[in-house]
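Next up, final_19.txt (compact mmCIF, C-alpha atoms and all ligand atoms):
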# COMPACT_ATOMS: atom_id res chain seq x y z
CA MET A 1 -23.18 32.78 20.52
CA ARG A 2 -19.52 33.03 21.51
CA MET A 3 -17.07 30.12 21.40
CA VAL A 4 -15.52 31.21 24.74
CA ASP A 5 -18.90 30.63 26.42
CA VAL A 6 -19.14 27.14 24.92
CA ILE A 7 -15.63 26.36 26.20
CA ASP A 8 -16.54 27.86 29.59
CA THR A 9 -19.61 25.62 29.96
CA LYS A 10 -17.61 22.46 29.34
CA ARG A 11 -14.53 23.56 31.24
CA ASN A 12 -16.75 24.03 34.31
CA GLY A 13 -18.21 20.55 33.93
CA GLY A 14 -21.60 21.55 32.49
CA ALA A 15 -23.56 19.91 29.70
CA LEU A 16 -23.50 21.67 26.33
CA SER A 17 -26.87 22.61 24.88
CA PRO A 18 -27.82 21.24 21.44
CA GLU A 19 -27.36 24.78 20.06
CA GLN A 20 -23.85 25.02 21.51
CA ILE A 21 -22.86 21.69 19.93
CA ASP A 22 -24.37 22.73 16.57
CA TYR A 23 -22.48 26.03 16.80
CA PHE A 24 -19.14 24.30 17.43
CA VAL A 25 -19.45 21.59 14.75
CA THR A 26 -20.73 23.97 12.05
CA GLY A 27 -18.34 26.77 12.94
CA TYR A 28 -15.25 24.58 13.11
CA THR A 29 -16.09 22.70 9.91
CA ASN A 30 -16.57 25.88 7.88
CA GLY A 31 -13.44 27.50 9.27
CA GLU A 32 -15.08 30.21 11.41
CA ILE A 33 -13.84 28.76 14.71
CA PRO A 34 -10.03 28.68 14.92
CA ASP A 35 -8.00 25.59 15.87
CA TYR A 36 -7.00 27.07 19.25
CA GLN A 37 -10.58 27.45 20.44
CA ALA A 38 -11.60 24.05 19.07
CA SER A 39 -8.56 22.52 20.82
CA ALA A 40 -9.59 24.10 24.13
CA LEU A 41 -13.10 22.68 23.83
CA LEU A 42 -11.80 19.21 22.86
CA MET A 43 -9.55 19.22 25.91
CA ALA A 44 -12.46 20.29 28.15
CA ILE A 45 -14.52 17.42 26.67
CA TRP A 46 -11.60 15.06 27.25
CA PHE A 47 -11.56 16.01 30.95
CA ASN A 48 -15.28 16.38 31.65
CA GLY A 49 -16.90 13.99 29.16
CA MET A 50 -20.32 14.30 27.60
CA ASN A 51 -23.67 12.80 28.57
CA ALA A 52 -25.67 10.54 26.22
CA GLU A 53 -27.68 13.44 24.73
CA GLU A 54 -24.57 15.51 24.04
CA THR A 55 -22.79 12.54 22.43
CA GLN A 56 -25.82 11.79 20.28
CA ARG A 57 -26.06 15.43 19.14
CA LEU A 58 -22.33 15.60 18.38
CA THR A 59 -22.58 12.44 16.27
CA MET A 60 -25.62 13.66 14.35
CA ASP A 61 -24.08 17.09 13.73
CA MET A 62 -20.90 15.46 12.41
CA LEU A 63 -23.00 13.14 10.22
CA HIS A 64 -25.00 16.09 8.84
CA SER A 65 -21.84 18.09 8.13
CA GLY A 66 -21.60 16.12 4.86
CA ASP A 67 -23.28 13.66 2.53
CA GLN A 68 -24.65 10.18 3.18
CA LEU A 69 -24.13 7.24 0.84
CA ASP A 70 -27.32 5.57 -0.29
CA LEU A 71 -26.62 1.87 -0.84
CA SER A 72 -30.29 0.86 -0.96
CA ASP A 73 -30.05 0.00 -4.67
CA ILE A 74 -27.44 -2.69 -3.90
CA PRO A 75 -29.28 -5.90 -2.96
CA GLY A 76 -28.62 -7.65 0.35
CA ILE A 77 -27.82 -6.66 3.91
CA LYS A 78 -24.71 -4.49 4.01
CA VAL A 79 -22.39 -5.33 6.90
CA ASP A 80 -19.34 -3.38 8.05
CA LYS A 81 -16.76 -3.60 10.84
CA HIS A 82 -14.74 -0.90 12.57
CA SER A 83 -11.96 -0.99 15.13
CA THR A 84 -11.21 1.67 17.71
CA GLY A 85 -7.54 1.25 16.78
CA GLY A 86 -4.69 -0.96 17.85
CA VAL A 87 -1.14 -2.14 17.14
CA GLY A 88 -0.77 -4.91 14.57
CA ASP A 89 -4.55 -4.70 14.12
CA LYS A 90 -4.95 -5.66 10.48
CA VAL A 91 -8.23 -7.55 11.03
CA SER A 92 -10.24 -5.50 8.49
CA ILE A 93 -7.90 -6.44 5.63
CA PRO A 94 -8.47 -10.23 5.56
CA LEU A 95 -11.97 -9.86 7.05
CA ALA A 96 -13.63 -7.83 4.28
CA PRO A 97 -12.77 -10.24 1.41
CA LEU A 98 -13.36 -13.29 3.62
CA VAL A 99 -16.90 -12.22 4.51
CA ALA A 100 -17.58 -10.99 0.95
CA SER A 101 -16.52 -14.38 -0.42
CA LEU A 102 -19.78 -15.71 1.09
CA GLY A 103 -21.83 -13.31 -1.04
CA ILE A 104 -22.19 -10.67 1.69
CA VAL A 105 -21.81 -6.98 0.77
CA VAL A 106 -19.07 -5.30 2.85
CA PRO A 107 -18.74 -1.52 2.32
CA MET A 108 -15.83 -0.66 4.57
CA ILE A 109 -14.88 2.96 5.22
CA SER A 110 -11.53 2.98 7.02
CA GLY A 111 -9.08 5.48 8.39
CA ARG A 112 -5.40 6.27 8.59
CA GLY A 113 -3.06 5.75 11.52
CA LEU A 114 -3.84 7.72 14.66
CA GLY A 115 -1.23 8.21 17.39
CA HIS A 116 0.69 4.96 17.91
CA THR A 117 -1.94 2.89 16.06
CA GLY A 118 -1.69 1.86 12.42
CA GLY A 119 -4.32 2.71 9.82
CA THR A 120 -5.95 0.26 7.42
CA LEU A 121 -5.70 2.70 4.50
CA ASP A 122 -1.98 3.27 5.09
CA LYS A 123 -1.37 -0.48 5.14
CA LEU A 124 -3.27 -1.07 1.90
CA GLU A 125 -1.23 1.65 0.19
CA ALA A 126 1.82 -0.59 0.65
CA ILE A 127 0.37 -2.55 -2.28
CA PRO A 128 1.68 -0.94 -5.49
CA GLY A 129 -1.06 1.04 -7.24
CA PHE A 130 -3.74 0.53 -4.57
CA GLN A 131 -6.21 3.45 -4.46
CA VAL A 132 -8.20 4.31 -1.34
CA GLU A 133 -9.95 7.42 -2.63
CA ILE A 134 -12.92 6.11 -4.56
CA GLU A 135 -15.81 8.13 -5.98
CA GLU A 136 -19.36 7.09 -5.11
CA ASP A 137 -20.16 5.50 -8.51
CA ALA A 138 -17.00 3.41 -8.53
CA PHE A 139 -17.59 2.51 -4.86
CA LYS A 140 -21.01 1.06 -5.68
CA LYS A 141 -19.79 -0.63 -8.88
CA GLN A 142 -17.09 -2.43 -6.91
CA LEU A 143 -19.59 -3.53 -4.27
CA ARG A 144 -21.77 -5.04 -7.01
CA GLU A 145 -18.88 -6.73 -8.84
CA VAL A 146 -16.52 -7.80 -6.04
CA GLY A 147 -18.74 -7.61 -2.95
CA CYS A 148 -16.30 -5.62 -0.81
CA ILE A 149 -14.33 -2.42 -0.77
CA ILE A 150 -11.99 -0.82 1.75
CA ALA A 151 -11.73 2.90 1.10
CA GLY A 152 -11.41 6.29 2.74
CA ALA A 153 -14.50 8.35 3.45
CA THR A 154 -15.59 9.33 -0.07
CA GLY A 155 -15.75 12.99 -1.04
CA ASN A 156 -17.89 14.75 1.48
CA ILE A 157 -18.59 12.09 4.15
CA ALA A 158 -18.46 13.58 7.66
CA PRO A 159 -16.07 16.47 6.83
CA ALA A 160 -16.44 17.62 10.45
CA ASP A 161 -14.81 14.36 11.57
CA LYS A 162 -11.91 14.80 9.13
CA LYS A 163 -11.07 18.17 10.69
CA ILE A 164 -11.73 17.26 14.31
CA TYR A 165 -9.90 13.89 13.99
CA ALA A 166 -6.76 15.62 12.68
CA LEU A 167 -6.88 18.16 15.52
CA ARG A 168 -7.42 15.46 18.18
CA ASP A 169 -4.40 13.55 16.89
CA VAL A 170 -2.07 16.49 17.57
CA THR A 171 -3.69 17.74 20.82
CA ASP A 172 -3.70 14.37 22.65
CA THR A 173 -7.49 14.33 22.84
CA VAL A 174 -8.08 11.07 20.98
CA SER A 175 -8.87 8.87 23.97
CA SER A 176 -12.24 10.36 24.86
CA ILE A 177 -15.37 8.19 24.74
CA PRO A 178 -17.77 10.80 23.27
CA LEU A 179 -15.17 11.99 20.75
CA ILE A 180 -14.35 8.45 19.57
CA ALA A 181 -18.04 7.53 19.45
CA GLY A 182 -18.97 10.63 17.43
CA SER A 183 -16.05 10.10 15.07
CA ILE A 184 -16.74 6.45 14.34
CA MET A 185 -20.52 6.55 14.25
CA SER A 186 -20.87 9.69 12.11
CA LYS A 187 -18.79 7.97 9.40
CA LYS A 188 -20.50 4.61 9.78
CA ILE A 189 -24.03 6.02 9.62
CA ALA A 190 -23.00 8.12 6.59
CA SER A 191 -21.60 5.09 4.79
CA GLY A 192 -25.06 3.54 4.51
CA THR A 193 -24.32 0.22 6.19
CA ASP A 194 -27.23 -1.80 7.65
CA ALA A 195 -25.22 -3.67 10.26
CA LEU A 196 -21.95 -2.99 12.08
CA VAL A 197 -19.59 -4.92 14.32
CA MET A 198 -17.29 -2.71 16.38
CA ASP A 199 -13.99 -4.09 17.63
CA VAL A 200 -13.36 -2.10 20.80
CA LYS A 201 -9.76 -2.53 21.92
CA THR A 202 -8.75 -2.58 25.56
CA GLY A 203 -5.34 -2.48 27.23
CA ALA A 204 -1.93 -0.84 26.94
CA GLY A 205 -2.03 -0.39 23.16
CA ALA A 206 -5.65 0.81 23.04
CA PHE A 207 -7.12 4.26 23.57
CA MET A 208 -9.25 2.66 26.30
CA LYS A 209 -6.79 1.32 28.88
CA THR A 210 -9.27 -0.51 31.14
CA ASP A 211 -12.12 -2.95 30.55
CA GLU A 212 -14.55 -0.54 32.26
CA GLU A 213 -13.73 2.27 29.82
CA ALA A 214 -13.84 -0.12 26.87
CA GLU A 215 -17.25 -1.38 27.95
CA GLU A 216 -18.57 2.16 28.30
CA LEU A 217 -17.30 3.03 24.81
CA ALA A 218 -18.76 -0.19 23.37
CA ARG A 219 -22.17 0.49 24.93
CA THR A 220 -22.11 4.09 23.67
CA LEU A 221 -21.28 2.98 20.11
CA VAL A 222 -23.95 0.27 20.07
CA GLU A 223 -26.58 2.63 21.50
CA ILE A 224 -25.90 5.30 18.89
CA GLY A 225 -26.10 2.69 16.11
CA LYS A 226 -29.33 1.20 17.36
CA GLY A 227 -30.76 4.71 17.80
CA VAL A 228 -30.61 5.20 14.02
CA GLY A 229 -31.95 1.72 13.23
CA MET A 230 -28.60 0.07 12.55
CA ASN A 231 -28.02 -3.50 13.72
CA ALA A 232 -24.97 -2.74 15.87
CA MET A 233 -22.87 -4.80 18.25
CA ALA A 234 -19.38 -4.72 19.73
CA VAL A 235 -16.63 -7.18 20.56
CA ILE A 236 -14.18 -6.03 23.24
CA SER A 237 -10.77 -7.51 22.44
CA ASP A 238 -7.33 -7.44 24.01
CA MET A 239 -4.69 -4.90 22.99
CA ASN A 240 -2.08 -5.36 25.72
CA GLN A 241 0.31 -7.03 23.31
CA PRO A 242 0.31 -6.47 19.51
CA LEU A 243 -2.20 -8.50 17.51
CA GLY A 244 -0.64 -11.18 15.32
CA LYS A 245 3.08 -11.03 14.63
CA ALA A 246 3.49 -8.23 12.08
CA ILE A 247 3.59 -4.49 12.85
CA GLY A 248 4.22 -2.15 9.90
CA ASN A 249 2.43 -1.55 6.64
CA ALA A 250 3.77 -4.05 4.05
CA LEU A 251 4.46 -6.62 6.79
CA GLU A 252 0.81 -6.44 7.89
CA ILE A 253 -0.44 -6.90 4.32
CA GLN A 254 1.77 -9.99 4.07
CA GLU A 255 0.31 -11.35 7.32
CA SER A 256 -3.24 -10.59 6.15
CA ILE A 257 -2.61 -12.65 3.02
CA GLU A 258 -1.22 -15.47 5.16
CA VAL A 259 -4.54 -15.45 7.09
CA LEU A 260 -6.40 -15.91 3.80
CA LYS A 261 -4.05 -18.80 2.93
CA GLY A 262 -4.87 -20.51 6.22
CA LYS A 263 -1.44 -19.77 7.69
CA GLY A 264 -2.10 -16.76 9.92
CA PRO A 265 -1.09 -16.46 13.57
CA GLU A 266 -3.55 -17.96 16.02
CA ASP A 267 -4.80 -14.83 17.82
CA LEU A 268 -5.33 -12.88 14.60
CA VAL A 269 -7.14 -15.76 12.90
CA ASN A 270 -9.31 -16.25 15.98
CA LEU A 271 -10.34 -12.58 16.02
CA VAL A 272 -11.02 -12.50 12.26
CA LEU A 273 -13.25 -15.59 12.57
CA THR A 274 -14.99 -14.29 15.73
CA ILE A 275 -15.91 -10.93 14.16
CA GLY A 276 -16.55 -12.52 10.77
CA SER A 277 -19.03 -15.02 12.27
CA GLN A 278 -21.00 -12.17 13.83
CA MET A 279 -21.11 -10.41 10.44
CA VAL A 280 -22.33 -13.55 8.65
CA VAL A 281 -25.13 -14.01 11.19
CA MET A 282 -26.09 -10.31 10.94
CA ALA A 283 -26.27 -10.72 7.15
CA LYS A 284 -28.63 -13.65 7.76
CA LYS A 285 -26.42 -16.09 5.84
CA ALA A 286 -26.13 -18.44 8.84
CA ASP A 287 -28.35 -19.22 11.81
CA SER A 288 -25.59 -19.68 14.36
CA LEU A 289 -22.07 -18.44 15.02
CA GLU A 290 -20.74 -22.03 14.74
CA GLU A 291 -22.28 -22.47 11.29
CA ALA A 292 -20.91 -19.07 10.22
CA ARG A 293 -17.41 -19.96 11.43
CA THR A 294 -17.45 -23.23 9.49
CA MET A 295 -18.51 -21.38 6.32
CA LEU A 296 -15.72 -18.83 6.73
CA GLN A 297 -13.11 -21.52 7.38
CA ALA A 298 -14.27 -23.39 4.27
CA ASN A 299 -13.67 -20.30 2.10
CA ILE A 300 -10.18 -19.94 3.51
CA ASP A 301 -9.48 -23.62 2.80
CA ASN A 302 -10.88 -23.58 -0.76
CA GLY A 303 -9.09 -20.33 -1.72
CA LYS A 304 -12.24 -18.28 -2.42
CA ALA A 305 -11.42 -15.69 0.24
CA LEU A 306 -7.93 -15.14 -1.19
CA GLU A 307 -9.35 -14.82 -4.72
CA THR A 308 -11.82 -12.20 -3.47
CA PHE A 309 -8.93 -10.23 -1.95
CA ARG A 310 -7.04 -10.39 -5.27
CA LYS A 311 -10.14 -9.09 -7.08
CA MET A 312 -10.58 -6.31 -4.51
CA ILE A 313 -6.95 -5.22 -4.93
CA GLU A 314 -7.26 -5.20 -8.72
CA ALA A 315 -10.59 -3.34 -8.65
CA GLN A 316 -8.85 -0.63 -6.61
CA GLY A 317 -5.97 -0.32 -9.08
CA GLY A 318 -3.46 -2.43 -7.15
CA ASN A 319 -1.20 -5.24 -8.32
CA GLY A 320 -3.09 -8.43 -7.41
CA ASP A 321 0.07 -10.51 -7.85
CA VAL A 322 1.17 -9.45 -4.34
CA VAL A 323 -0.92 -12.31 -3.01
CA ASP A 324 1.65 -14.67 -4.57
CA ASP A 325 4.76 -12.51 -4.36
CA TYR A 326 5.30 -10.34 -1.27
CA THR A 327 8.50 -8.87 -2.73
CA LEU A 328 6.31 -6.73 -5.02
CA MET A 329 5.81 -4.55 -1.93
CA PRO A 330 8.59 -2.31 -0.53
CA GLN A 331 11.31 -4.33 1.21
CA ALA A 332 13.41 -3.15 4.16
CA LYS A 333 17.20 -2.82 3.71
CA TYR A 334 18.08 -4.27 7.12
CA LYS A 335 16.64 -7.08 9.23
CA ILE A 336 18.02 -6.91 12.75
CA ALA A 337 17.20 -9.49 15.43
CA PHE A 338 16.25 -8.30 18.91
CA THR A 339 17.48 -11.11 21.13
CA ALA A 340 16.54 -12.21 24.64
CA PRO A 341 18.92 -10.88 27.33
CA SER A 342 18.00 -13.87 29.57
CA SER A 343 16.04 -17.12 29.46
CA GLY A 344 12.45 -17.36 30.68
CA VAL A 345 8.90 -16.68 29.61
CA ILE A 346 7.77 -13.44 27.92
CA SER A 347 5.36 -11.90 30.43
CA ARG A 348 4.91 -8.45 28.90
CA MET A 349 5.26 -6.91 25.43
CA LYS A 350 3.68 -3.47 25.63
CA ALA A 351 1.62 -2.91 22.51
CA ASP A 352 1.68 0.90 22.45
CA GLU A 353 5.47 1.04 22.69
CA MET A 354 5.85 -1.56 19.91
CA GLY A 355 3.59 0.71 17.81
CA ILE A 356 5.79 3.69 18.64
CA ALA A 357 8.91 1.68 17.66
CA SER A 358 7.36 0.97 14.25
CA MET A 359 6.40 4.65 13.92
CA MET A 360 9.97 5.75 14.77
CA LEU A 361 11.30 3.45 12.04
CA GLY A 362 9.12 5.44 9.61
CA GLY A 363 6.06 3.18 9.50
CA GLY A 364 3.79 5.79 11.13
CA ARG A 365 3.48 9.56 11.17
CA ALA A 366 4.95 11.75 13.90
CA ALA A 367 3.50 14.84 12.16
CA LYS A 368 0.35 15.11 10.05
CA ASP A 369 2.07 15.31 6.66
CA ASP A 370 4.90 12.79 7.20
CA GLU A 371 5.56 10.36 4.33
CA LEU A 372 5.40 6.71 5.34
CA ASP A 373 8.06 4.06 4.82
CA TYR A 374 5.93 1.04 3.93
CA ALA A 375 8.73 -1.52 4.28
CA VAL A 376 9.65 -1.02 7.92
CA GLY A 377 8.26 -2.41 11.16
CA LEU A 378 8.61 -5.32 13.54
CA MET A 379 8.00 -9.04 13.06
CA LEU A 380 7.49 -10.87 16.33
CA ASP A 381 9.10 -14.27 16.73
CA LYS A 382 7.67 -14.66 20.26
CA LYS A 383 4.52 -13.52 22.01
CA VAL A 384 3.45 -13.23 25.64
CA GLY A 385 3.50 -16.69 27.23
CA ASP A 386 6.23 -18.04 24.90
CA ARG A 387 9.44 -19.47 26.33
CA VAL A 388 12.68 -17.91 25.13
CA GLU A 389 16.34 -18.85 25.64
CA GLU A 390 19.05 -16.26 26.20
CA GLY A 391 20.32 -15.00 22.82
CA GLU A 392 17.27 -16.27 20.93
CA SER A 393 15.38 -13.80 18.72
CA ILE A 394 12.23 -12.28 20.25
CA LEU A 395 11.48 -10.14 17.22
CA THR A 396 13.04 -8.87 14.02
CA ILE A 397 13.39 -5.15 13.31
CA TYR A 398 12.78 -4.28 9.64
CA SER A 399 14.59 -1.02 9.03
CA ASP A 400 15.81 1.22 6.26
CA ARG A 401 18.48 2.70 8.55
CA GLU A 402 21.43 0.70 9.82
CA ASN A 403 21.59 2.14 13.35
CA VAL A 404 18.54 1.13 15.37
CA ASP A 405 19.97 1.64 18.88
CA ASP A 406 17.01 3.88 19.85
CA ILE A 407 14.53 1.21 18.76
CA VAL A 408 16.43 -1.57 20.53
CA LYS A 409 16.40 0.50 23.75
CA LEU A 410 12.66 1.23 23.49
CA ILE A 411 11.83 -2.42 22.81
CA GLY A 412 14.12 -3.62 25.59
CA ASP A 413 12.41 -1.31 28.08
CA ASN A 414 8.99 -2.68 27.17
CA ILE A 415 9.49 -6.43 27.04
CA THR A 416 9.68 -8.36 30.30
CA ILE A 417 11.01 -11.89 30.71
CA SER A 418 9.92 -13.65 33.91
CA GLU A 419 9.60 -17.13 35.38
CA GLU A 420 5.99 -17.34 34.23
CA ALA A 421 3.31 -15.25 32.50
CA GLU A 422 -0.39 -14.59 33.06
CA PRO A 423 -2.25 -15.88 30.01
CA ILE A 424 -3.82 -13.14 27.86
CA LYS A 425 -7.51 -13.56 27.06
CA LEU A 426 -8.22 -12.34 23.50
CA ILE A 427 -11.98 -11.73 23.61
CA HIS A 428 -13.03 -9.91 26.78
CA GLN A 429 -16.74 -9.37 26.13
CA VAL A 430 -19.45 -9.18 23.48
CA ILE A 431 -21.93 -6.29 23.75
CA MET A 432 -25.22 -6.61 21.87
N1 LIG B 501 -11.33 5.43 14.88
C1 LIG B 501 -12.05 6.50 14.45
O1 LIG B 501 -12.58 6.48 13.34
N2 LIG B 501 -12.15 7.56 15.24
C2 LIG B 501 -11.58 7.62 16.45
O2 LIG B 501 -11.74 8.61 17.11
C3 LIG B 501 -10.82 6.52 16.90
C4 LIG B 501 -10.71 5.43 16.10
Let me see the structure of the file written as structure tokens.
Amino acid sequence: MRMVDVIDTKRNGGALSPEQIDYFVTGYTNGEIPDYQASALLMAIWFNGMNAEETQRLTMDMLHSGDQLDLSDIPGIKVDKHSTGGVGDKVSIPLAPLVASLGIVVPMISGRGLGHTGGTLDKLEAIPGFQVEIEEDAFKKQLREVGCIIAGATGNIAPADKKIYALRDVTDTVSSIPLIAGSIMSKKIASGTDALVMDVKTGAGAFMKTDEEAEELARTLVEIGKGVGMNAMAVISDMNQPLGKAIGNALEIQESIEVLKGKGPEDLVNLVLTIGSQMVVMAKKADSLEEARTMLQANIDNGKALETFRKMIEAQGGNGDVVDDYTLMPQAKYKIAFTAPSSGVISRMKADEMGIASMMLGGGRAAKDDELDYAVGLMLDKKVGDRVEEGESILTIYSDRENVDDIVKLIGDNITISEEAEPIKLIHQVIM
């Protein structure tokens, strides 16, 4: 087989045969197919898509490129959650300990930032000492002792995804339904979870810009999960404006802790409880979503969820005292207010551009090997629908450089103040 023929099939809009998909995944993972040919195929897939059989084969090939975790010796239903990526989307961080505080096992395999979106692992590394690379034995030990873990794909889980994901990030081929589905589901099947809630983001800050695309991705993800016997479902949630108020690594950890103290911003708390309730029902710890929500709220109120987070941090080598003292994390040198140029109501705050602003401050990577500045980012004082007076702060820029004119310009271009604003609906749809 020749890679040019595989590229040719997809470039001309054809369906790849199972053998062609096997050839690409195996050949690229073991280094026989060069980046330039893999990039050409990814771009052809981006333009022409893949049918259900192709997507299924791609996922299974990526799964079989590495090892699978066997969690069957850990009692109970294992439940995980995964997001397709957003701005200010720190849901996984309070969610895992919150759900685990009810005695549910949450083995969470997360990723790093992709494009303008932040990564859960990057955020957690803002906590001094926190380790995300955990060997299989330690992974299982922590699940038994703490009930939850948030880590990177251990050792040899879906190595094909690691390589393809990195290439997609730099070839602008992330936002493709079959490629996202294969990437997420190969890792999730390999991680040995029994049940999975996907948070599929839709809107300006999401890879899926419309509800139709988000629904198609959600259905694809759920179908692949169910096809391998996993109890899978998806929540489609809004990503037109950033989620919560914090964007940036240490700032998002701080906000996650606030959620566990019962003081989180309304939209973030709502999404954490919505997804969490689904997980509790899937784990068969509650009969209804209402009952599950009440149980989760109780463990926020009585401090058990926060204690579980402290234990999770300590089990992963981090300083658990951050839950009481945020200054243990890196702190920005400058805090600069971005103020309203006129009075009115905020009608637009484009999530992707706010993510790019945080990235430009050093909170995200422009190139694969960039070092992150954990302290920087944005803290929103206002959200879409809020009234603002001229000169009042809309958000605060946390920066380690004094001159932020470029950031102020970018933010100014992407916030609109009008007479009134269309309300933003947080949960668009639930796909079972
Ligand atoms: N998250 C993933 O793990 N993969 C993608 O392709 C997008 C989001």
Checklist entry - With only C-alpha atoms as the basis for distance, which of A:Asp22, A:Met208, A:Val200, A:Gly66 is at the shortest distance from Val222 in chain A? => result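 Selected residue with least distance to Val222 in chain A: A:Val200.
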Item to check | Contacts of Gly391 in chain A within 7 Å, all atoms listed in the file, excl. fewer than 4 positions in-chain, as a ChimeraX atom specification | outcome: /A:339-341
Item to check | Top pick for closest residue to Pro178 in chain A, considering A:Glu213, A:Glu314, A:Asp199, A:Asp369 and counting only C-alpha atoms | outcome: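 Closest to Pro178 in chain A of all the choices is A:Glu213.
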Checklist entry - To one decimal place, how far is CA of Arg112 in chain A from CA of Pro159 in chain A in Å? => result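 These atoms are spaced 14.9 Å apart.
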Checklist entry - What residues have any atom no more than 9 Å from ligand LIG 501 (chain B) when counting all atoms listed in the file, and can you list them as an NGL selection string? => result :A and (82-86 or 110-114 or 161 or 165 or 168-169 or 174-188 or 207)
Go through range 225-339 of chain A and flag each residue having an atom no more than 10 Å from range 357-360 of chain A; for those, report the closest pair of atoms plus their distance in Å to one decimal, using all atoms listed in the file, ordered by chain and rising number, as a tab-separated table.
residue	atom	partner	partner_atom	distance
A:Ile247	CA	A:Ser358	CA	6.8
A:Gly248	CA	A:Ser358	CA	6.2
A:Asn249	CA	A:Ser358	CA	9.4
Checklist entry - From the list A:Glu216, A:Asp137, A:Glu266, A:Asp89, which residue is nearest Asp238 in chain A when using only C-alpha atoms? => result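 Smallest distance to Asp238 in chain A is found for A:Asp89.
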Item to check | Exercise: Pro330 in chain A partners within 9 Å, all atoms listed in the file, chain neighbours under 2 positions left out, as a ChimeraX atom specification | outcome: /A:126-128,250,326-328,332,373-376
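Atom pair CA of Thr26 in chain A / CA of Leu63 in chain A has a distance of 11.2 Å (rounded to one decimal).
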Checklist entry - Out of A:Pro107, A:Gly119, A:Ala52, A:Met3, which residue has the shortest atom-to-atom distance to Glu32 in chain A when counting all atoms listed in the file? => result A:Met3
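Comparing the minimum interatomic distances between Ile33 in chain A and each of A:Leu98, A:Val4, A:Leu426, A:Ala206, counting only C-alpha atoms, we find that A:Val4 sits nearest.
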Item to check | Interatomic distance, CA of Met62 in chain A to CA of Val25 in chain A (Å, one decimal) | outcome: 6.7 Å
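Taking only C-alpha atoms into account, Ser277 in chain A lies nearest to A:Met295 out of the set A:Ile300, A:Met329, A:Met295, A:Ala151.
These residues, each with an atom at most 9 Å from (-18.8, -13.6, 10.4) using only C-alpha atoms, are A:Leu95, A:Leu98, A:Val99, A:Val272, A:Leu273, A:Thr274, A:Ile275, A:Gly276, A:Ser277, A:Gln278, A:Met279, A:Val280, A:Val281, A:Met282, A:Ala283, A:Ala286, A:Leu289, A:Ala292, A:Arg293, A:Met295, A:Leu296.
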Checklist entry - Could you tell me, as a ChimeraX atom specification, which residues have any atom at most 8 Å from (16.6, -3.2, 16.7), counting all atoms listed in the file? => result /A:336-338,396-397,404-409,411
Go through range 226-252 of chain A residue by residue and, counting only C-alpha atoms, keep those with an atom at most 10 Å from range 379-384 of chain A; for each kept residue give the shortest atom pair and its distance in Å to one decimal, ordered by chain and increasing number, as a tab-separated table.
residue	atom	partner	partner_atom	distance
A:Asn240	CA	A:Val384	CA	9.6
A:Gln241	CA	A:Val384	CA	7.3
A:Pro242	CA	A:Lys383	CA	8.6
A:Leu243	CA	A:Lys383	CA	9.5
A:Gly244	CA	A:Leu380	CA	8.2
A:Lys245	CA	A:Leu380	CA	4.7
A:Ala246	CA	A:Met379	CA	4.7
A:Ile247	CA	A:Met379	CA	6.3
A:Gly248	CA	A:Met379	CA	8.5
A:Leu251	CA	A:Met379	CA	7.6
A:Glu252	CA	A:Met379	CA	9.2
Checklist entry - Do you know which residues are at most 12 Å from Asp70 in chain A counting only C-alpha atoms, after dropping those on the same chain fewer than 4 positions away, and could you put them as a PyMOL selection string? => result chain A and resi 74-75+78+107+136-137+139-140+157+189-194
